[in-house]
Amino acid sequence: MFQPDYRNLVAAAYGRRPDRMPFYDHAVAPEVMEAIDGVPLQGLEHGDDADLREFFRRYAGFFLKHEYDTVSFECGVCDILPGGGALVGHETPAIGNRADFEKYPWDRLPELYWERYGRCFAALGEALPPGMKVVGGVGYGIFEIVQDLTGYENLCLMQMDEPELFAALFRKVGELHLTLWRELLKRHGDDFAVCRIGDDMGYRTSTLLAPEIFLRYSIPHYRKIIALVHAAGKPFLLHSCGKIFPLMEALIDVAGIDAKHSNEDAIAPFDEWIDRYGDRIGLFGGMDVDVICRFRPEEVYSYVLEHATRYRRRARGYAMGTGNSVPAYMPPEGFLAMNRAGQEIRRRDLAG
């Protein structure tokens, strides 16, 4: 029977070759879990404490069954923001001017976060099988939270029209993240193998704001958060979609990330990430979501076997999985083919 060992993923995050190639996905949609294992999940997370415990028992059980050493899980800040929703829901921005900023209930946000998610983190910790820990933490990054309050277009205008307000927003959100991480590590630090923030700072051709804006307004806050994570003895994983090569040197040398996740072949082949950074940080993922979704299972199996074998050999710290996540629309057969190929690579490693 498979015995998880979170230390494999920790080693990969630190840019070291683990004894066993770990699997990693940013998230696995409950719909896919249900379709693969035939075990109901959806709705339980909104029930009473018994339902919540059962949800996480089944949730962690999926990762265990498919031979992950860790569970991916985070609780998103954007979901508790009063008036939020401009990031993905196209809601009217909560903050459009200085008056909105001044009256916004910043001081209440940590309380709202723990009221909403405190029992989730606790229930997940209780459900972890021996040898398994969590990758994740406080969901949504600094740039994404700012966008959720302002909207992307309004934020771009604010950058030019109200630069002091623009700076104040990033400062407030950075302080909020630091507060939430400090409390999370205090309450549940022992349950975490790797701490993670997802903050999509780019798209297919460039960063979403000029690189110097991220260097000035986001990365100094990440440096503080990551220092806190490192002081707790944990590696830090950044998940960021898009072509963020102009930010990577600062993310590694200034902010101090230990590992990076998210890739799409249309932006850059995973081998390019390895060429640039594979001897300095851990690199997770590598399997393009489009391939896993569109190709026949036997093609997915061959693709993963070929590519992940090469990535395992070339990158010092590598964890295999999708370049982003396992979305609800991914065919279960594609996920299973990827998983089987990963297990075959492990068997070949053991055979020498």
# chains A, B, ... in the order shown; residues from 1 in each chain; ligands from 1

$ residues_around --residues "A:Leu52" --least-positions-apart "2" --cutoff "12 Å" --atoms "only C-alpha atoms" --output "list in words"
Leu41, Gln42, Gly43, Leu44, Glu45, His46, Gly47, Asp48, Asp49, Ala50, Glu54, Phe55, Phe56, Arg57, Arg58, Tyr59, Tyr117, Gly118, Arg119, Cys120, Phe121, Ala122, Ala123, Leu124, Gly125, Glu126 and Ala127 of chain A

$ select_by_dssp --residues "stretch 49-115 of chain A" --states "strand (DSSP E or B)" --output "list in words"
Thr70, Val71, Ser72, Phe73, Glu74, Cys75 and Gly76 of chain A

$ write_last_selection --atoms "C-alpha atoms" --output "mmCIF file, in the first residue's frame"
data_model
loop_
_atom_site.group_PDB
_atom_site.id
_atom_site.type_symbol
_atom_site.label_atom_id
_atom_site.label_comp_id
_atom_site.auth_asym_id
_atom_site.auth_seq_id
_atom_site.Cartn_x
_atom_site.Cartn_y
_atom_site.Cartn_z
ATOM 1 C CA THR A 70 0.695 16.046 -0.031
ATOM 2 C CA VAL A 71 -2.767 17.572 -0.210
ATOM 3 C CA SER A 72 -3.252 20.868 -2.058
ATOM 4 C CA PHE A 73 -5.541 23.236 -0.190
ATOM 5 C CA GLU A 74 -5.985 26.949 0.387
ATOM 6 C CA CYS A 75 -8.681 29.318 1.637
ATOM 7 C CA GLY A 76 -9.187 32.391 -0.509
#

$ atom_distance --atom1 "atom CA of A:Glu344" --atom2 "atom CA of A:Ser325"
21.2 Å

$ closest_residue --among "A:Lys103, A:Arg7, A:Arg98, A:Arg313" --to "A:Gly278" --atoms "only C-alpha atoms"
A:Arg313

$ residues_around --residues "A:Leu209" --least-positions-apart "2" --cutoff "10 Å" --atoms "only C-alpha atoms" --output "list in words"
Phe143, Tyr152, Leu155, Cys156, Gln159, Met201, Gly202, Ser206, Thr207, Pro211, Glu212, Ile213 and Phe214 of chain A

$ write_last_selection --atoms "C-alpha atoms" --output "JSON list (two decimals), in the first residue's frame"
[["chain", "number", "residue", "atom", "x", "y", "z"],
["A", 143, "PHE", "CA", -2.10, 41.56, -7.05],
["A", 152, "TYR", "CA", -8.12, 45.52, -13.50],
["A", 155, "LEU", "CA", -6.41, 49.71, -11.23],
["A", 156, "CYS", "CA", -4.48, 50.65, -14.36],
["A", 159, "GLN", "CA", -1.81, 53.83, -11.22],
["A", 201, "MET", "CA", 0.90, 38.29, -12.63],
["A", 202, "GLY", "CA", 1.05, 37.63, -16.35],
["A", 206, "SER", "CA", 3.92, 39.63, -20.85],
["A", 207, "THR", "CA", 3.22, 40.66, -17.28],
["A", 211, "PRO", "CA", 7.53, 44.65, -14.46],
["A", 212, "GLU", "CA", 8.82, 47.62, -12.49],
["A", 213, "ILE", "CA", 5.39, 48.04, -10.89],
["A", 214, "PHE", "CA", 5.50, 44.51, -9.46]]

$ residues_around --residues "stretch 297-301 of chain A" --least-positions-apart "3" --cutoff "6 Å" --atoms "only C-alpha atoms" --output "list of chain:residue names"
A:Ile292, A:Val304, A:Glu333, A:Gly334, A:Ala337, A:Met338, A:Ala341

$ write_last_selection --atoms "N, CA, C and O atoms" --output "short mmCIF file (atom, residue, chain, number, x, y, z; two decimals), in the first residue's frame"
data_model
loop_
_atom_site.label_atom_id
_atom_site.label_comp_id
_atom_site.auth_asym_id
_atom_site.auth_seq_id
_atom_site.Cartn_x
_atom_site.Cartn_y
_atom_site.Cartn_z
N ILE A 292 -3.57 17.22 -21.61
CA ILE A 292 -4.27 16.25 -20.75
C ILE A 292 -5.76 16.23 -21.08
O ILE A 292 -6.41 15.18 -21.01
N VAL A 304 3.23 12.07 -21.05
CA VAL A 304 3.69 12.27 -19.67
C VAL A 304 4.93 11.43 -19.40
O VAL A 304 5.90 11.90 -18.78
N GLU A 333 -10.32 10.31 -17.62
CA GLU A 333 -9.37 9.40 -18.27
C GLU A 333 -8.02 10.08 -18.50
O GLU A 333 -6.97 9.42 -18.45
N GLY A 334 -8.05 11.38 -18.77
CA GLY A 334 -6.80 12.11 -18.96
C GLY A 334 -6.01 12.19 -17.67
O GLY A 334 -4.79 11.98 -17.65
N ALA A 337 -4.55 8.74 -16.86
CA ALA A 337 -3.42 8.40 -17.71
C ALA A 337 -2.15 9.12 -17.24
O ALA A 337 -1.06 8.53 -17.21
N MET A 338 -2.28 10.40 -16.87
CA MET A 338 -1.15 11.14 -16.33
C MET A 338 -0.65 10.49 -15.05
O MET A 338 0.56 10.29 -14.85
N ALA A 341 1.22 7.21 -15.67
CA ALA A 341 2.56 7.44 -16.21
C ALA A 341 3.52 7.86 -15.10
O ALA A 341 4.68 7.42 -15.07
#

$ closest_residue --among "A:Gly96, A:Pro332, A:Gly136, A:Pro22" --to "A:Leu169" --atoms "only C-alpha atoms"
A:Gly96

$ closest_residue --among "A:Gly285, A:Pro331, A:Pro220, A:Pro30" --to "A:Gly256" --atoms "only C-alpha atoms"
A:Pro220

$ closest_residue --among "A:Ala308, A:Ile267, A:Ile226, A:Ala328" --to "A:Tyr203" --atoms "only C-alpha atoms"
A:Ile267

$ closest_atom_pairs --of "stretch 213-260 of chain A" --to "stretch 184-200 of chain A" --cutoff "7 Å" --atoms "only C-alpha atoms" --output "Markdown table"
| residue | atom | partner | partner_atom | distance |
| --- | --- | --- | --- | --- |
| A:Lys234 | CA | A:Val194 | CA | 5.8 |
| A:Pro235 | CA | A:Val194 | CA | 5.3 |
| A:Phe236 | CA | A:Cys195 | CA | 5.0 |
| A:Leu237 | CA | A:Arg196 | CA | 4.7 |
| A:Leu238 | CA | A:Ile197 | CA | 5.5 |
| A:His239 | CA | A:Gly198 | CA | 4.4 |
| A:Ser240 | CA | A:Asp200 | CA | 4.4 |
| A:Cys241 | CA | A:Asp200 | CA | 4.8 |
| A:Gly242 | CA | A:Asp200 | CA | 6.8 |

$ write_last_selection --atoms "N, CA and C atoms" --output "mmCIF file, in the first residue's frame"
data_model
loop_
_atom_site.group_PDB
_atom_site.id
_atom_site.type_symbol
_atom_site.label_atom_id
_atom_site.label_comp_id
_atom_site.auth_asym_id
_atom_site.auth_seq_id
_atom_site.Cartn_x
_atom_site.Cartn_y
_atom_site.Cartn_z
ATOM 1 N N LYS A 234 9.649 26.406 6.678
ATOM 2 C CA LYS A 234 8.916 25.891 5.514
ATOM 3 C C LYS A 234 9.468 26.495 4.226
ATOM 4 N N PRO A 235 9.469 25.729 3.124
ATOM 5 C CA PRO A 235 9.748 26.322 1.825
ATOM 6 C C PRO A 235 8.525 27.031 1.284
ATOM 7 N N PHE A 236 8.755 27.959 0.350
ATOM 8 C CA PHE A 236 7.672 28.749 -0.227
ATOM 9 C C PHE A 236 7.571 28.480 -1.715
ATOM 10 N N LEU A 237 6.353 28.195 -2.161
ATOM 11 C CA LEU A 237 6.049 27.941 -3.564
ATOM 12 C C LEU A 237 5.195 29.078 -4.103
ATOM 13 N N LEU A 238 5.621 29.658 -5.209
ATOM 14 C CA LEU A 238 4.809 30.653 -5.907
ATOM 15 C C LEU A 238 4.118 29.992 -7.089
ATOM 16 N N HIS A 239 2.803 30.139 -7.148
ATOM 17 C CA HIS A 239 2.039 29.760 -8.336
ATOM 18 C C HIS A 239 1.665 31.048 -9.046
ATOM 19 N N SER A 240 2.148 31.202 -10.273
ATOM 20 C CA SER A 240 1.790 32.393 -11.037
ATOM 21 C C SER A 240 1.721 32.040 -12.507
ATOM 22 N N CYS A 241 0.558 32.278 -13.094
ATOM 23 C CA CYS A 241 0.384 32.031 -14.521
ATOM 24 C C CYS A 241 0.978 33.184 -15.324
ATOM 25 N N GLY A 242 1.269 32.885 -16.585
ATOM 26 C CA GLY A 242 1.683 33.929 -17.495
ATOM 27 C C GLY A 242 3.187 33.985 -17.729
#

$ residues_around --residues "stretch 271-274 of chain A" --least-positions-apart "2" --cutoff "10 Å" --atoms "only C-alpha atoms" --output "ChimeraX atom specification"
/A:245,260,263,265,268-269,276-283,286,307,310-311,314-318

$ residues_around --residues "stretch 145-149 of chain A" --least-positions-apart "2" --cutoff "7 Å" --atoms "only C-alpha atoms" --output "PyMOL selection string"
chain A and resi 78+84-87+93-95+140-143+151-152+155+169-170+173

$ write_last_selection --atoms "N, CA, C and O atoms" --output "CSV table (one decimal), in the first residue's frame"
chain,number,residue,atom,x,y,z
A,78,CYS,N,-10.2,36.5,-1.3
A,78,CYS,CA,-11.2,37.2,-2.1
A,78,CYS,C,-12.6,36.8,-1.8
A,78,CYS,O,-13.6,37.6,-2.0
A,84,GLY,N,-16.2,42.6,-2.6
A,84,GLY,CA,-15.3,42.1,-3.6
A,84,GLY,C,-16.0,41.5,-4.8
A,84,GLY,O,-17.2,41.4,-4.8
A,85,GLY,N,-15.2,40.9,-5.7
A,85,GLY,CA,-15.8,40.3,-6.8
A,85,GLY,C,-15.4,40.9,-8.2
A,85,GLY,O,-15.8,40.3,-9.2
A,86,ALA,N,-14.6,41.9,-8.2
A,86,ALA,CA,-14.2,42.6,-9.5
A,86,ALA,C,-13.2,41.7,-10.2
A,86,ALA,O,-13.0,42.0,-11.4
A,87,LEU,N,-12.5,40.8,-9.5
A,87,LEU,CA,-11.5,40.0,-10.2
A,87,LEU,C,-12.0,39.0,-11.2
A,87,LEU,O,-11.6,39.0,-12.3
A,93,PRO,N,-16.5,47.6,-8.6
A,93,PRO,CA,-15.4,47.7,-7.7
A,93,PRO,C,-15.8,48.3,-6.3
A,93,PRO,O,-16.5,49.3,-6.2
A,94,ALA,N,-15.3,47.7,-5.2
A,94,ALA,CA,-15.5,48.2,-3.9
A,94,ALA,C,-14.7,49.5,-3.6
A,94,ALA,O,-15.1,50.3,-2.8
A,95,ILE,N,-13.6,49.6,-4.3
A,95,ILE,CA,-12.7,50.8,-4.0
A,95,ILE,C,-12.4,51.5,-5.4
A,95,ILE,O,-11.7,50.9,-6.2
A,140,TYR,N,-5.2,33.4,-3.0
A,140,TYR,CA,-5.2,34.7,-3.8
A,140,TYR,C,-4.0,35.5,-3.3
A,140,TYR,O,-3.8,35.7,-2.1
A,141,GLY,N,-3.3,36.0,-4.3
A,141,GLY,CA,-2.1,36.8,-4.0
A,141,GLY,C,-2.4,38.3,-3.9
A,141,GLY,O,-3.5,38.7,-4.1
A,142,ILE,N,-1.3,39.0,-3.7
A,142,ILE,CA,-1.5,40.5,-3.4
A,142,ILE,C,-2.1,41.2,-4.7
A,142,ILE,O,-3.1,41.9,-4.5
A,143,PHE,N,-1.6,40.9,-5.8
A,143,PHE,CA,-2.1,41.6,-7.1
A,143,PHE,C,-3.5,41.2,-7.3
A,143,PHE,O,-4.4,42.0,-7.6
A,151,GLY,N,-10.9,46.1,-9.7
A,151,GLY,CA,-11.0,45.8,-11.1
A,151,GLY,C,-9.8,46.1,-11.8
A,151,GLY,O,-9.0,47.1,-11.5
A,152,TYR,N,-9.4,45.3,-12.8
A,152,TYR,CA,-8.1,45.5,-13.5
A,152,TYR,C,-8.0,46.9,-14.2
A,152,TYR,O,-7.0,47.6,-14.1
A,155,LEU,N,-7.7,49.7,-11.9
A,155,LEU,CA,-6.4,49.7,-11.2
A,155,LEU,C,-5.4,50.3,-12.1
A,155,LEU,O,-4.5,51.1,-11.7
A,169,LEU,N,-3.1,50.8,-1.6
A,169,LEU,CA,-3.8,49.5,-1.7
A,169,LEU,C,-2.8,48.3,-1.6
A,169,LEU,O,-3.1,47.3,-0.9
A,170,PHE,N,-1.7,48.4,-2.3
A,170,PHE,CA,-0.8,47.3,-2.3
A,170,PHE,C,-0.2,47.1,-0.9
A,170,PHE,O,0.0,46.0,-0.4
A,173,VAL,N,-2.9,45.5,1.4
A,173,VAL,CA,-3.1,44.0,1.1
A,173,VAL,C,-1.9,43.2,1.5
A,173,VAL,O,-2.0,42.1,2.0

$ closest_residue --among "A:His177, A:Met158, A:Ile252, A:Ala266" --to "A:Arg204" --atoms "only C-alpha atoms"
A:Ala266

$ residues_around --residues "A:Lys172" --least-positions-apart "3" --cutoff "12 Å" --atoms "only C-alpha atoms" --output "JSON, numbers by chain"
{"A": [101, 102, 104, 105, 106, 107, 109, 142, 143, 145, 146, 149, 165, 166, 167, 168, 169, 175, 176, 177, 178, 179, 217, 218, 221]}

$ atom_distance --atom1 "atom CA of A:Val138" --atom2 "atom CA of A:Tyr329"
25.1 Å

$ atom_distance --atom1 "atom CA of A:Asp288" --atom2 "atom CA of A:Glu264"
5.7 Å

$ closest_residue --among "A:Leu128, A:Met21, A:Met33, A:Ala13" --to "A:Ala60" --atoms "only C-alpha atoms"
A:Leu128

$ decode --residues "stretch 318-331 of chain A" --atoms "all heavy atoms" --output "PDB file, in the first residue's frame"
ATOM      1  N   TYR A 318      12.000  18.522  -8.835  1.00  0.00           N
ATOM      2  CA  TYR A 318      10.863  18.459  -9.755  1.00  0.00           C
ATOM      3  C   TYR A 318       9.727  17.672  -9.128  1.00  0.00           C
ATOM      4  O   TYR A 318       9.938  16.611  -8.528  1.00  0.00           O
ATOM      5  CB  TYR A 318      11.274  17.805 -11.079  1.00  0.00           C
ATOM      6  CG  TYR A 318      10.095  17.589 -12.027  1.00  0.00           C
ATOM      7  CD1 TYR A 318       9.394  18.685 -12.534  1.00  0.00           C
ATOM      8  CD2 TYR A 318       9.674  16.310 -12.376  1.00  0.00           C
ATOM      9  CE1 TYR A 318       8.302  18.500 -13.366  1.00  0.00           C
ATOM     10  CE2 TYR A 318       8.599  16.117 -13.217  1.00  0.00           C
ATOM     11  CZ  TYR A 318       7.907  17.212 -13.710  1.00  0.00           C
ATOM     12  OH  TYR A 318       6.821  17.030 -14.526  1.00  0.00           O
ATOM     13  N   ALA A 319       8.499  18.193  -9.271  1.00  0.00           N
ATOM     14  CA  ALA A 319       7.281  17.483  -8.875  1.00  0.00           C
ATOM     15  C   ALA A 319       6.362  17.450 -10.085  1.00  0.00           C
ATOM     16  O   ALA A 319       6.107  18.487 -10.702  1.00  0.00           O
ATOM     17  CB  ALA A 319       6.595  18.174  -7.700  1.00  0.00           C
ATOM     18  N   MET A 320       5.867  16.271 -10.434  1.00  0.00           N
ATOM     19  CA  MET A 320       5.092  16.097 -11.660  1.00  0.00           C
ATOM     20  C   MET A 320       3.615  16.384 -11.458  1.00  0.00           C
ATOM     21  O   MET A 320       3.031  15.981 -10.451  1.00  0.00           O
ATOM     22  CB  MET A 320       5.244  14.661 -12.163  1.00  0.00           C
ATOM     23  CG  MET A 320       4.638  14.434 -13.544  1.00  0.00           C
ATOM     24  SD  MET A 320       3.920  12.780 -13.740  1.00  0.00           S
ATOM     25  CE  MET A 320       2.349  12.999 -12.894  1.00  0.00           C
ATOM     26  N   GLY A 321       3.018  17.041 -12.435  1.00  0.00           N
ATOM     27  CA  GLY A 321       1.582  17.281 -12.423  1.00  0.00           C
ATOM     28  C   GLY A 321       1.211  18.225 -13.538  1.00  0.00           C
ATOM     29  O   GLY A 321       2.031  18.559 -14.405  1.00  0.00           O
ATOM     30  N   THR A 322      -0.015  18.670 -13.529  1.00  0.00           N
ATOM     31  CA  THR A 322      -0.452  19.612 -14.545  1.00  0.00           C
ATOM     32  C   THR A 322       0.271  20.943 -14.389  1.00  0.00           C
ATOM     33  O   THR A 322       0.695  21.308 -13.288  1.00  0.00           O
ATOM     34  CB  THR A 322      -1.961  19.862 -14.469  1.00  0.00           C
ATOM     35  OG1 THR A 322      -2.272  20.455 -13.196  1.00  0.00           O
ATOM     36  CG2 THR A 322      -2.754  18.581 -14.632  1.00  0.00           C
ATOM     37  N   GLY A 323       0.364  21.656 -15.497  1.00  0.00           N
ATOM     38  CA  GLY A 323       0.985  22.970 -15.453  1.00  0.00           C
ATOM     39  C   GLY A 323       0.151  24.000 -14.728  1.00  0.00           C
ATOM     40  O   GLY A 323       0.631  25.093 -14.440  1.00  0.00           O
ATOM     41  N   ASN A 324      -1.094  23.667 -14.422  1.00  0.00           N
ATOM     42  CA  ASN A 324      -1.932  24.597 -13.667  1.00  0.00           C
ATOM     43  C   ASN A 324      -2.718  23.851 -12.595  1.00  0.00           C
ATOM     44  O   ASN A 324      -2.327  23.806 -11.448  1.00  0.00           O
ATOM     45  CB  ASN A 324      -2.867  25.365 -14.603  1.00  0.00           C
ATOM     46  CG  ASN A 324      -3.567  26.504 -13.907  1.00  0.00           C
ATOM     47  OD1 ASN A 324      -4.493  26.291 -13.150  1.00  0.00           O
ATOM     48  ND2 ASN A 324      -3.108  27.726 -14.157  1.00  0.00           N
ATOM     49  N   SER A 325      -3.836  23.238 -12.985  1.00  0.00           N
ATOM     50  CA  SER A 325      -4.662  22.514 -12.026  1.00  0.00           C
ATOM     51  C   SER A 325      -5.462  21.472 -12.791  1.00  0.00           C
ATOM     52  O   SER A 325      -5.363  21.360 -14.014  1.00  0.00           O
ATOM     53  CB  SER A 325      -5.607  23.473 -11.287  1.00  0.00           C
ATOM     54  OG  SER A 325      -6.494  24.098 -12.202  1.00  0.00           O
ATOM     55  N   VAL A 326      -6.257  20.706 -12.056  1.00  0.00           N
ATOM     56  CA  VAL A 326      -7.154  19.732 -12.673  1.00  0.00           C
ATOM     57  C   VAL A 326      -8.551  20.333 -12.628  1.00  0.00           C
ATOM     58  O   VAL A 326      -9.231  20.287 -11.604  1.00  0.00           O
ATOM     59  CB  VAL A 326      -7.116  18.391 -11.923  1.00  0.00           C
ATOM     60  CG1 VAL A 326      -8.086  17.392 -12.546  1.00  0.00           C
ATOM     61  CG2 VAL A 326      -5.686  17.830 -11.926  1.00  0.00           C
ATOM     62  N   PRO A 327      -9.002  20.958 -13.741  1.00  0.00           N
ATOM     63  CA  PRO A 327     -10.294  21.649 -13.733  1.00  0.00           C
ATOM     64  C   PRO A 327     -11.454  20.668 -13.881  1.00  0.00           C
ATOM     65  O   PRO A 327     -11.269  19.504 -14.259  1.00  0.00           O
ATOM     66  CB  PRO A 327     -10.190  22.567 -14.959  1.00  0.00           C
ATOM     67  CG  PRO A 327      -9.298  21.812 -15.893  1.00  0.00           C
ATOM     68  CD  PRO A 327      -8.298  21.086 -15.025  1.00  0.00           C
ATOM     69  N   ALA A 328     -12.641  21.170 -13.631  1.00  0.00           N
ATOM     70  CA  ALA A 328     -13.832  20.319 -13.683  1.00  0.00           C
ATOM     71  C   ALA A 328     -14.058  19.737 -15.065  1.00  0.00           C
ATOM     72  O   ALA A 328     -14.666  18.671 -15.201  1.00  0.00           O
ATOM     73  CB  ALA A 328     -15.055  21.122 -13.236  1.00  0.00           C
ATOM     74  N   TYR A 329     -13.573  20.420 -16.113  1.00  0.00           N
ATOM     75  CA  TYR A 329     -13.805  19.934 -17.467  1.00  0.00           C
ATOM     76  C   TYR A 329     -12.754  18.927 -17.934  1.00  0.00           C
ATOM     77  O   TYR A 329     -12.841  18.421 -19.051  1.00  0.00           O
ATOM     78  CB  TYR A 329     -13.873  21.099 -18.461  1.00  0.00           C
ATOM     79  CG  TYR A 329     -12.660  21.997 -18.476  1.00  0.00           C
ATOM     80  CD1 TYR A 329     -11.510  21.644 -19.180  1.00  0.00           C
ATOM     81  CD2 TYR A 329     -12.674  23.215 -17.796  1.00  0.00           C
ATOM     82  CE1 TYR A 329     -10.405  22.468 -19.203  1.00  0.00           C
ATOM     83  CE2 TYR A 329     -11.560  24.043 -17.817  1.00  0.00           C
ATOM     84  CZ  TYR A 329     -10.431  23.669 -18.519  1.00  0.00           C
ATOM     85  OH  TYR A 329      -9.336  24.495 -18.528  1.00  0.00           O
ATOM     86  N   MET A 330     -11.768  18.625 -17.111  1.00  0.00           N
ATOM     87  CA  MET A 330     -10.764  17.646 -17.525  1.00  0.00           C
ATOM     88  C   MET A 330     -11.373  16.245 -17.541  1.00  0.00           C
ATOM     89  O   MET A 330     -11.953  15.808 -16.539  1.00  0.00           O
ATOM     90  CB  MET A 330      -9.551  17.663 -16.591  1.00  0.00           C
ATOM     91  CG  MET A 330      -8.474  16.626 -16.967  1.00  0.00           C
ATOM     92  SD  MET A 330      -6.982  16.752 -15.949  1.00  0.00           S
ATOM     93  CE  MET A 330      -6.239  18.252 -16.632  1.00  0.00           C
ATOM     94  N   PRO A 331     -11.245  15.496 -18.631  1.00  0.00           N
ATOM     95  CA  PRO A 331     -11.760  14.131 -18.653  1.00  0.00           C
ATOM     96  C   PRO A 331     -11.052  13.276 -17.600  1.00  0.00           C
ATOM     97  O   PRO A 331      -9.817  13.306 -17.506  1.00  0.00           O
ATOM     98  CB  PRO A 331     -11.424  13.647 -20.068  1.00  0.00           C
ATOM     99  CG  PRO A 331     -11.223  14.883 -20.876  1.00  0.00           C
ATOM    100  CD  PRO A 331     -10.664  15.903 -19.924  1.00  0.00           C
TER     101      PRO A 331
END
